[in-house]
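Student: See data-v7.pdb below, with PDB, C-alpha atoms, pLDDT in the B column.
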```
MODEL        1
ATOM      1  CA  MET A   1       8.755 -23.987  17.389  1.00 60.00           C
ATOM      2  CA  ALA A   2      12.326 -25.074  16.716  1.00 72.00           C
ATOM      3  CA  VAL A   3      14.455 -23.040  14.360  1.00 83.00           C
ATOM      4  CA  THR A   4      16.468 -24.779  11.667  1.00 92.00           C
ATOM      5  CA  CYS A   5      19.884 -23.143  11.782  1.00 95.00           C
ATOM      6  CA  SER A   6      20.914 -22.425   8.232  1.00 95.00           C
ATOM      7  CA  PRO A   7      23.245 -19.525   7.497  1.00 94.00           C
ATOM      8  CA  VAL A   8      21.867 -19.441   3.950  1.00 95.00           C
ATOM      9  CA  GLN A   9      18.682 -18.022   5.504  1.00 96.00           C
ATOM     10  CA  LEU A  10      20.628 -14.809   6.144  1.00 95.00           C
ATOM     11  CA  SER A  11      21.419 -14.308   2.444  1.00 96.00           C
ATOM     12  CA  PRO A  12      18.880 -11.433   2.154  1.00 97.00           C
ATOM     13  CA  CYS A  13      21.158  -9.536   4.572  1.00 97.00           C
ATOM     14  CA  VAL A  14      24.386  -9.846   2.584  1.00 95.00           C
ATOM     15  CA  SER A  15      24.164  -6.424   0.923  1.00 96.00           C
ATOM     16  CA  ALA A  16      23.221  -4.697   4.200  1.00 96.00           C
ATOM     17  CA  ILE A  17      26.118  -6.379   6.027  1.00 94.00           C
ATOM     18  CA  THR A  18      28.756  -5.867   3.324  1.00 94.00           C
ATOM     19  CA  THR A  19      27.755  -2.264   2.523  1.00 94.00           C
ATOM     20  CA  SER A  20      26.155   0.557   4.467  1.00 91.00           C
ATOM     21  CA  ASN A  21      22.740  -0.097   2.901  1.00 95.00           C
ATOM     22  CA  PRO A  22      19.827  -0.400   5.324  1.00 97.00           C
ATOM     23  CA  PRO A  23      18.482  -3.923   5.832  1.00 97.00           C
ATOM     24  CA  SER A  24      15.345  -4.961   3.985  1.00 98.00           C
ATOM     25  CA  SER A  25      12.247  -6.142   5.820  1.00 98.00           C
ATOM     26  CA  LEU A  26      13.016  -9.670   4.565  1.00 98.00           C
ATOM     27  CA  CYS A  27      16.515  -9.434   6.039  1.00 98.00           C
ATOM     28  CA  CYS A  28      15.096  -8.317   9.391  1.00 98.00           C
ATOM     29  CA  SER A  29      12.586 -11.154   9.488  1.00 97.00           C
ATOM     30  CA  LYS A  30      15.372 -13.652   8.728  1.00 96.00           C
ATOM     31  CA  ILE A  31      17.596 -12.197  11.466  1.00 95.00           C
ATOM     32  CA  ARG A  32      14.732 -12.497  13.977  1.00 95.00           C
ATOM     33  CA  GLU A  33      14.094 -16.057  12.820  1.00 95.00           C
ATOM     34  CA  GLN A  34      17.786 -17.046  12.998  1.00 95.00           C
ATOM     35  CA  LYS A  35      18.595 -15.200  16.254  1.00 94.00           C
ATOM     36  CA  PRO A  36      18.856 -18.443  18.288  1.00 94.00           C
ATOM     37  CA  CYS A  37      21.516 -19.575  15.788  1.00 95.00           C
ATOM     38  CA  LEU A  38      23.731 -16.486  15.758  1.00 94.00           C
ATOM     39  CA  CYS A  39      26.100 -17.698  18.494  1.00 94.00           C
ATOM     40  CA  GLN A  40      26.516 -20.987  16.647  1.00 95.00           C
ATOM     41  CA  TYR A  41      27.418 -19.026  13.510  1.00 95.00           C
ATOM     42  CA  VAL A  42      29.931 -16.869  15.420  1.00 94.00           C
ATOM     43  CA  ARG A  43      31.696 -20.030  16.602  1.00 95.00           C
ATOM     44  CA  ASN A  44      32.072 -21.208  12.990  1.00 95.00           C
ATOM     45  CA  PRO A  45      35.389 -19.822  11.601  1.00 95.00           C
ATOM     46  CA  ASN A  46      33.931 -19.651   8.081  1.00 93.00           C
ATOM     47  CA  LEU A  47      30.959 -17.536   9.202  1.00 93.00           C
ATOM     48  CA  LYS A  48      32.482 -15.539  12.066  1.00 93.00           C
ATOM     49  CA  LYS A  49      33.938 -12.733   9.919  1.00 90.00           C
ATOM     50  CA  PHE A  50      30.528 -12.234   8.318  1.00 89.00           C
ATOM     51  CA  VAL A  51      28.247 -12.665  11.344  1.00 91.00           C
ATOM     52  CA  ASP A  52      30.467 -11.069  14.000  1.00 90.00           C
ATOM     53  CA  SER A  53      31.296  -7.913  12.058  1.00 93.00           C
ATOM     54  CA  PRO A  54      30.332  -4.404  13.228  1.00 94.00           C
ATOM     55  CA  ASN A  55      28.050  -4.118  10.191  1.00 94.00           C
ATOM     56  CA  ALA A  56      26.236  -7.345  11.094  1.00 94.00           C
ATOM     57  CA  ARG A  57      25.654  -5.975  14.599  1.00 93.00           C
ATOM     58  CA  ARG A  58      24.416  -2.688  13.098  1.00 95.00           C
ATOM     59  CA  VAL A  59      21.988  -4.557  10.849  1.00 96.00           C
ATOM     60  CA  ALA A  60      20.679  -6.649  13.769  1.00 95.00           C
ATOM     61  CA  SER A  61      20.277  -3.497  15.863  1.00 95.00           C
ATOM     62  CA  THR A  62      18.517  -1.674  13.017  1.00 96.00           C
ATOM     63  CA  CYS A  63      16.150  -4.629  12.773  1.00 97.00           C
ATOM     64  CA  GLY A  64      15.374  -4.335  16.498  1.00 96.00           C
ATOM     65  CA  THR A  65      17.064  -7.661  17.239  1.00 93.00           C
ATOM     66  CA  PRO A  66      19.942  -7.080  19.644  1.00 88.00           C
ATOM     67  CA  PHE A  67      22.876  -9.363  18.986  1.00 86.00           C
ATOM     68  CA  PRO A  68      23.015 -12.078  21.668  1.00 86.00           C
ATOM     69  CA  ARG A  69      25.938 -12.354  24.057  1.00 88.00           C
ATOM     70  CA  CYS A  70      27.737 -15.534  23.104  1.00 88.00           C
TER      71      CYS A  70
ENDMDL
END
```
Transcribe the structure of this file into structure tokens.
Tutor:
Amino acid sequence: MAVTCSPVQLSPCVSAITTSNPPSSLCCSKIREQKPCLCQYVRNPNLKKFVDSPNARRVASTCGTPFPRC
């Protein structure tokens, strides 16, 4: 099944990425769903600071979805 890459899908993760709050189960499911898109988001200058931050990597790791090597 193809994934539609839409950074808006990661909106449930905003508070976990911008604070030290743990990610919600909805956030984790969205990260798993959008994992094939993460490298595309990192290459986007508008999204890179959000997606490629240490907190974003922590959230992905907490969700059991290792950040892909881009």
Student: Looking at only C-alpha atoms, which of A:Ser6, A:Asn21, A:Gln40, A:Ser11 is the one that sits closest to A:Thr62?
Tutor: A:Asn21
Student: Got a sec: who's within 10 Å of A:Leu10, counting all atoms listed in the file, leaving out chain neighbours fewer than 4 positions off, as a ChimeraX atom specification?
Tutor: /A:6,14,26-31,33-34,51
Student: Which residue, A:Arg69, A:Arg43, A:Cys63, A:Phe50, has the smallest gap to A:Thr19 when you use all atoms listed in the file?
Tutor: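 Of A:Arg69, A:Arg43, A:Cys63, A:Phe50, the one nearest A:Thr19, counting all atoms listed in the file, is A:Phe50.
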Student: Kindly give the distance, in Å, that separates atom CA of A:Arg58 and atom CA of A:Asn44, rounded to a single decimal.
Tutor: 20.0 Å
Student: Once 5 Å is added on each side, what centre and edge lengths in Å to one decimal does the axis-aligned box around all listed atoms of stretch 17-23 of chain A have, as lines of an AutoDock Vina configuration file?
Tutor:
```
center_x = 23.6
center_y = -2.9
center_z = 4.3
size_x = 20.3
size_y = 16.9
size_z = 13.5
```
Student: Out of A:Gln9, A:Thr65, A:Ser24, A:Thr18, which residue has the shortest atom-to-atom distance to A:Ser53 when counting all atoms listed in the file?
Tutor: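 For A:Ser53, the nearest of the candidates is A:Thr18.
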Student: Let me make sure I understand: among A:Cys70, A:Val42, A:Leu47, A:Arg57, which one has the smallest atom-to-atom distance to A:Val8 if we use all atoms listed in the file?
Tutor: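 Smallest distance to A:Val8 is found for A:Leu47.
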Student: Nearest residue to A:Pro7 out of A:Ser25, A:Ser61, A:Asn46, A:Asn55, using all atoms listed in the file?
Tutor: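 Closest candidate: A:Asn46.
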Student: Would you work out the distance separating atom CA of A:Cys39 from atom CA of A:Pro23, expressed in Å to one decimal?
Tutor: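 Interatomic distance here is 20.2 Å.
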